[in-house]
Amino acid sequence: MTQAAGGMHPERSQRGRAAPRHLEQPGPRLEPRLDSLPARVTPLEFTLEPGLTLLEAVARPLRAAGFASAALELRGGGFGPFAYVLPAHAPDATHVAWYSATHQPPGGARLERACITFGQREGVPWLHCHAIWQEASGRRRALPGAVDRPPGYEAAGRRAGHVLPEETVVAAPVAVRAWGLSGAGFAVRADAETNFSIFQPAAMPGPAGGSRAVVLRVRPNEDVVAALEAACRAHGLARAVLRGGVGSLVSPRFAEGTGTGDIATELLVTAGGVGPEGAHLAVALADMRGEVHAGTVPRGGNAVCITCELVLEEVPG
């Protein structure tokens, strides 16, 4: 497929190593490259109620606790019906990447883990969810080179991608760790650089109390590890831990030597933070086939594709 908007730009660093691959976005380069606001975070734990859509199951307990925005980590349970999309090449020059057609495995899915950014879209709740799951039954999907299977068939197994919150229904209780945000959170706004409407930091009310935190969005083609360090410097945090976090990287390469050449991916943070030695970040992500890749994101080696939505909570001492 022809690359949209000028395509991909692999470069070389001064030391001769391959620099992060960049994608030329359709709109103007916007400043600041790291958009961040100070906030407070309050930890919460609850269970997603079966029978509700993912969006409603997340929104109800957060609304009851008084929070309009939060970062969440989910474990276990299951969904059915279950709907998701994968990262894909853009069909035209209005975006650098797009989404696949919707996938709805007939047997639903058993959740392994997920991260969610929860916030507001036009004044009502919305969320952005990237997850890893196990599918219970095979499904039909275009698979290049699958010569030993019926055309378009893929067996059940471990997959990852972008979960659709209104089409997906909780089928079995899901355990949630959440961090409610006060003072600032995430709201969907149009982004002229990427031509997407996406979550961005915004002033937002919430209950008093909690720990110091930073709500941040990293723009395209920026180094996400360096951005974590810059956010902590800008807000005076000596140590911080990441809470939840979703986003995308261009052809990610991990410190372990693994990764994928796909230009668009969907990531969820599995561990990370910032300390005296700098930032560390571990992620799991979906490639364009829904296959799972996981590893440590090295500083200076990976560029953001469309966005990264992150929350850093201060670690005292």
# chains A, B, ... in the order shown; residues from 1 in each chain; ligands from 1

$ residues_around --residues "Ala114 in chain A" --least-positions-apart "5" --cutoff "10 Å" --atoms "only C-alpha atoms" --output "PyMOL selection string"
chain A and resi 72-76+129-133+160-163+176+244-246+267-270+284

$ write_last_selection --atoms "N, CA, C and O atoms" --output "PDB file, in the first residue's frame"
ATOM      1  N   LEU A  72      -6.850   3.405  33.984  1.00  0.00           N
ATOM      2  CA  LEU A  72      -7.265   2.113  34.521  1.00  0.00           C
ATOM      3  C   LEU A  72      -6.401   0.983  33.993  1.00  0.00           C
ATOM      4  O   LEU A  72      -5.908   1.031  32.860  1.00  0.00           O
ATOM      5  N   GLU A  73      -6.265  -0.058  34.838  1.00  0.00           N
ATOM      6  CA  GLU A  73      -5.658  -1.323  34.448  1.00  0.00           C
ATOM      7  C   GLU A  73      -6.659  -2.429  34.758  1.00  0.00           C
ATOM      8  O   GLU A  73      -7.211  -2.479  35.859  1.00  0.00           O
ATOM      9  N   LEU A  74      -6.912  -3.315  33.794  1.00  0.00           N
ATOM     10  CA  LEU A  74      -7.903  -4.378  33.915  1.00  0.00           C
ATOM     11  C   LEU A  74      -7.216  -5.731  33.838  1.00  0.00           C
ATOM     12  O   LEU A  74      -6.244  -5.905  33.081  1.00  0.00           O
ATOM     13  N   ARG A  75      -7.746  -6.692  34.607  1.00  0.00           N
ATOM     14  CA  ARG A  75      -7.222  -8.061  34.591  1.00  0.00           C
ATOM     15  C   ARG A  75      -8.378  -9.053  34.666  1.00  0.00           C
ATOM     16  O   ARG A  75      -9.329  -8.867  35.424  1.00  0.00           O
ATOM     17  N   GLY A  76      -8.254 -10.144  33.904  1.00  0.00           N
ATOM     18  CA  GLY A  76      -9.172 -11.264  34.010  1.00  0.00           C
ATOM     19  C   GLY A  76     -10.570 -10.966  33.501  1.00  0.00           C
ATOM     20  O   GLY A  76     -10.837  -9.930  32.907  1.00  0.00           O
ATOM     21  N   CYS A 129      -9.319   2.043  24.931  1.00  0.00           N
ATOM     22  CA  CYS A 129      -8.896   0.778  25.533  1.00  0.00           C
ATOM     23  C   CYS A 129      -8.035  -0.029  24.575  1.00  0.00           C
ATOM     24  O   CYS A 129      -8.450  -0.323  23.442  1.00  0.00           O
ATOM     25  N   HIS A 130      -6.845  -0.414  25.033  1.00  0.00           N
ATOM     26  CA  HIS A 130      -6.000  -1.385  24.344  1.00  0.00           C
ATOM     27  C   HIS A 130      -5.854  -2.593  25.251  1.00  0.00           C
ATOM     28  O   HIS A 130      -5.653  -2.450  26.468  1.00  0.00           O
ATOM     29  N   ALA A 131      -5.946  -3.786  24.677  1.00  0.00           N
ATOM     30  CA  ALA A 131      -6.022  -4.989  25.496  1.00  0.00           C
ATOM     31  C   ALA A 131      -5.305  -6.166  24.849  1.00  0.00           C
ATOM     32  O   ALA A 131      -5.022  -6.177  23.648  1.00  0.00           O
ATOM     33  N   ILE A 132      -5.054  -7.182  25.697  1.00  0.00           N
ATOM     34  CA  ILE A 132      -4.588  -8.504  25.266  1.00  0.00           C
ATOM     35  C   ILE A 132      -5.620  -9.507  25.750  1.00  0.00           C
ATOM     36  O   ILE A 132      -6.090  -9.423  26.892  1.00  0.00           O
ATOM     37  N   TRP A 133      -5.967 -10.466  24.897  1.00  0.00           N
ATOM     38  CA  TRP A 133      -7.018 -11.424  25.258  1.00  0.00           C
ATOM     39  C   TRP A 133      -6.769 -12.758  24.570  1.00  0.00           C
ATOM     40  O   TRP A 133      -5.919 -12.883  23.679  1.00  0.00           O
ATOM     41  N   ALA A 160      -4.188  -9.050  20.456  1.00  0.00           N
ATOM     42  CA  ALA A 160      -4.213  -7.723  21.065  1.00  0.00           C
ATOM     43  C   ALA A 160      -4.777  -6.737  20.063  1.00  0.00           C
ATOM     44  O   ALA A 160      -4.747  -6.967  18.846  1.00  0.00           O
ATOM     45  N   GLY A 161      -5.293  -5.605  20.580  1.00  0.00           N
ATOM     46  CA  GLY A 161      -5.815  -4.579  19.692  1.00  0.00           C
ATOM     47  C   GLY A 161      -6.570  -3.515  20.458  1.00  0.00           C
ATOM     48  O   GLY A 161      -6.456  -3.383  21.683  1.00  0.00           O
ATOM     49  N   HIS A 162      -7.362  -2.749  19.705  1.00  0.00           N
ATOM     50  CA  HIS A 162      -8.119  -1.603  20.197  1.00  0.00           C
ATOM     51  C   HIS A 162      -9.568  -2.041  20.389  1.00  0.00           C
ATOM     52  O   HIS A 162     -10.267  -2.353  19.417  1.00  0.00           O
ATOM     53  N   VAL A 163     -10.029  -2.077  21.632  1.00  0.00           N
ATOM     54  CA  VAL A 163     -11.361  -2.590  21.957  1.00  0.00           C
ATOM     55  C   VAL A 163     -12.400  -1.484  21.782  1.00  0.00           C
ATOM     56  O   VAL A 163     -12.201  -0.346  22.231  1.00  0.00           O
ATOM     57  N   VAL A 176     -10.486  -4.360  38.362  1.00  0.00           N
ATOM     58  CA  VAL A 176      -9.980  -3.065  37.915  1.00  0.00           C
ATOM     59  C   VAL A 176      -9.184  -2.385  39.022  1.00  0.00           C
ATOM     60  O   VAL A 176      -9.630  -2.333  40.178  1.00  0.00           O
ATOM     61  N   GLY A 244      -1.450   3.004  34.241  1.00  0.00           N
ATOM     62  CA  GLY A 244      -2.118   2.729  32.973  1.00  0.00           C
ATOM     63  C   GLY A 244      -1.280   3.250  31.821  1.00  0.00           C
ATOM     64  O   GLY A 244      -0.055   3.310  31.882  1.00  0.00           O
ATOM     65  N   GLY A 245      -1.958   3.632  30.742  1.00  0.00           N
ATOM     66  CA  GLY A 245      -1.277   4.232  29.600  1.00  0.00           C
ATOM     67  C   GLY A 245      -1.513   3.470  28.316  1.00  0.00           C
ATOM     68  O   GLY A 245      -1.340   2.249  28.263  1.00  0.00           O
ATOM     69  N   VAL A 246      -1.947   4.187  27.273  1.00  0.00           N
ATOM     70  CA  VAL A 246      -2.138   3.613  25.944  1.00  0.00           C
ATOM     71  C   VAL A 246      -1.541   4.555  24.910  1.00  0.00           C
ATOM     72  O   VAL A 246      -1.333   5.737  25.158  1.00  0.00           O
ATOM     73  N   LEU A 267      -0.441   0.114  21.670  1.00  0.00           N
ATOM     74  CA  LEU A 267       0.282  -0.336  22.859  1.00  0.00           C
ATOM     75  C   LEU A 267      -0.493  -0.093  24.144  1.00  0.00           C
ATOM     76  O   LEU A 267      -1.330   0.801  24.233  1.00  0.00           O
ATOM     77  N   LEU A 268      -0.174  -0.912  25.147  1.00  0.00           N
ATOM     78  CA  LEU A 268      -0.577  -0.660  26.522  1.00  0.00           C
ATOM     79  C   LEU A 268       0.655  -0.778  27.403  1.00  0.00           C
ATOM     80  O   LEU A 268       1.522  -1.619  27.169  1.00  0.00           O
ATOM     81  N   VAL A 269       0.745   0.092  28.389  1.00  0.00           N
ATOM     82  CA  VAL A 269       1.887   0.104  29.294  1.00  0.00           C
ATOM     83  C   VAL A 269       1.750  -1.055  30.278  1.00  0.00           C
ATOM     84  O   VAL A 269       0.694  -1.255  30.880  1.00  0.00           O
ATOM     85  N   THR A 270       2.831  -1.824  30.460  1.00  0.00           N
ATOM     86  CA  THR A 270       2.826  -2.912  31.439  1.00  0.00           C
ATOM     87  C   THR A 270       3.646  -2.562  32.680  1.00  0.00           C
ATOM     88  O   THR A 270       3.435  -3.152  33.740  1.00  0.00           O
ATOM     89  N   ALA A 284       3.286  -3.814  26.024  1.00  0.00           N
ATOM     90  CA  ALA A 284       2.837  -4.875  25.128  1.00  0.00           C
ATOM     91  C   ALA A 284       2.027  -4.189  24.042  1.00  0.00           C
ATOM     92  O   ALA A 284       1.381  -3.173  24.297  1.00  0.00           O
TER      93      ALA A 284
END

$ select_by_dssp --residues "range 55-100 of chain A" --states "helix (DSSP H, G or I)" --output "PDB file with C-alpha atoms, in the first residue's frame"
ATOM      1  CA  LEU A  55     -18.100   1.991  28.491  1.00  0.00           C
ATOM      2  CA  GLU A  56     -20.974   1.890  30.980  1.00  0.00           C
ATOM      3  CA  ALA A  57     -19.265  -0.677  33.219  1.00  0.00           C
ATOM      4  CA  VAL A  58     -16.267   1.650  33.551  1.00  0.00           C
ATOM      5  CA  ALA A  59     -18.223   4.906  33.769  1.00  0.00           C
ATOM      6  CA  ARG A  60     -20.647   3.884  36.557  1.00  0.00           C
ATOM      7  CA  PRO A  61     -18.184   3.319  39.433  1.00  0.00           C
ATOM      8  CA  LEU A  62     -16.018   6.270  38.424  1.00  0.00           C
ATOM      9  CA  ARG A  63     -19.045   8.546  38.232  1.00  0.00           C
ATOM     10  CA  ALA A  64     -20.191   7.309  41.652  1.00  0.00           C
TER      11      ALA A  64
END

$ residues_around --residues "Pro87 in chain A" --least-positions-apart "4" --cutoff "6 Å" --atoms "only C-alpha atoms" --output "mmCIF file with all heavy atoms, in the first residue's frame"
data_model
loop_
_atom_site.group_PDB
_atom_site.id
_atom_site.type_symbol
_atom_site.label_atom_id
_atom_site.label_comp_id
_atom_site.auth_asym_id
_atom_site.auth_seq_id
_atom_site.Cartn_x
_atom_site.Cartn_y
_atom_site.Cartn_z
ATOM 1 N N TYR A 99 -7.636 2.249 10.828
ATOM 2 C CA TYR A 99 -8.075 1.055 11.525
ATOM 3 C C TYR A 99 -8.551 -0.005 10.540
ATOM 4 O O TYR A 99 -9.024 0.303 9.452
ATOM 5 C CB TYR A 99 -9.238 1.383 12.475
ATOM 6 C CG TYR A 99 -8.885 2.347 13.569
ATOM 7 C CD1 TYR A 99 -9.334 3.668 13.537
ATOM 8 C CD2 TYR A 99 -8.100 1.938 14.639
ATOM 9 C CE1 TYR A 99 -9.012 4.550 14.550
ATOM 10 C CE2 TYR A 99 -7.772 2.816 15.651
ATOM 11 C CZ TYR A 99 -8.233 4.125 15.606
ATOM 12 O OH TYR A 99 -7.909 5.000 16.603
ATOM 13 N N ALA A 264 2.268 1.077 12.219
ATOM 14 C CA ALA A 264 1.295 1.489 13.230
ATOM 15 C C ALA A 264 1.059 0.324 14.178
ATOM 16 O O ALA A 264 0.949 -0.830 13.749
ATOM 17 C CB ALA A 264 -0.010 1.925 12.587
ATOM 18 N N THR A 265 0.986 0.621 15.459
ATOM 19 C CA THR A 265 0.760 -0.386 16.487
ATOM 20 C C THR A 265 -0.183 0.197 17.539
ATOM 21 O O THR A 265 -0.430 1.399 17.565
ATOM 22 C CB THR A 265 2.082 -0.795 17.154
ATOM 23 O OG1 THR A 265 2.702 0.381 17.716
ATOM 24 C CG2 THR A 265 3.039 -1.438 16.142
ATOM 25 N N MET A 288 -0.217 -5.101 13.042
ATOM 26 C CA MET A 288 -1.341 -4.993 12.123
ATOM 27 C C MET A 288 -2.095 -6.308 11.903
ATOM 28 O O MET A 288 -3.137 -6.314 11.255
ATOM 29 C CB MET A 288 -0.852 -4.444 10.780
ATOM 30 C CG MET A 288 -0.426 -2.990 10.857
ATOM 31 S SD MET A 288 0.106 -2.378 9.223
ATOM 32 C CE MET A 288 0.356 -0.636 9.591
#

$ atom_distance --atom1 "CA of Glu313 in chain A" --atom2 "CA of Ala282 in chain A"
16.5 Å

$ closest_residue --among "A:Ala303, A:Pro50, A:Gly273, A:Pro205" --to "Leu181 in chain A" --atoms "only C-alpha atoms"
A:Pro205

$ atom_distance --atom1 "CA of Gly27 in chain A" --atom2 "CA of Ala88 in chain A"
19.2 Å

$ closest_residue --among "A:Val292, A:Val274, A:Ala109, A:Ile263" --to "Ala240 in chain A" --atoms "only C-alpha atoms"
A:Val274

$ residues_around --residues "Leu242 in chain A" --least-positions-apart "6" --cutoff "6 Å" --atoms "only C-alpha atoms" --output "JSON, numbers by chain"
{"A": [272, 273, 311, 312]}

$ write_last_selection --atoms "N, CA, C and O atoms" --output "PDB file, in the first residue's frame"
ATOM      1  N   GLY A 272       6.465   0.928  34.252  1.00  0.00           N
ATOM      2  CA  GLY A 272       7.267   2.092  33.885  1.00  0.00           C
ATOM      3  C   GLY A 272       7.263   3.160  34.943  1.00  0.00           C
ATOM      4  O   GLY A 272       6.463   3.144  35.886  1.00  0.00           O
ATOM      5  N   GLY A 273       8.175   4.078  34.770  1.00  0.00           N
ATOM      6  CA  GLY A 273       8.279   5.201  35.687  1.00  0.00           C
ATOM      7  C   GLY A 273       9.545   5.984  35.428  1.00  0.00           C
ATOM      8  O   GLY A 273      10.253   5.750  34.449  1.00  0.00           O
ATOM      9  N   VAL A 311      -0.236   8.827  32.474  1.00  0.00           N
ATOM     10  CA  VAL A 311      -0.382   9.454  33.785  1.00  0.00           C
ATOM     11  C   VAL A 311       0.813   9.048  34.642  1.00  0.00           C
ATOM     12  O   VAL A 311       1.074   7.853  34.812  1.00  0.00           O
ATOM     13  N   LEU A 312       1.523  10.033  35.170  1.00  0.00           N
ATOM     14  CA  LEU A 312       2.649   9.798  36.076  1.00  0.00           C
ATOM     15  C   LEU A 312       2.237  10.214  37.480  1.00  0.00           C
ATOM     16  O   LEU A 312       1.818  11.352  37.707  1.00  0.00           O
TER      17      LEU A 312
END

$ residues_around --residues "Val170 in chain A" --least-positions-apart "2" --cutoff "10 Å" --atoms "only C-alpha atoms" --output "PyMOL selection string"
chain A and resi 48-57+77-82+108-109+168+172-174

$ closest_residue --among "A:Leu164, A:Ala65, A:His89, A:Ala187" --to "Pro125 in chain A" --atoms "only C-alpha atoms"
A:Ala187

$ atom_distance --atom1 "CA of Pro220 in chain A" --atom2 "CA of Glu166 in chain A"
27.1 Å
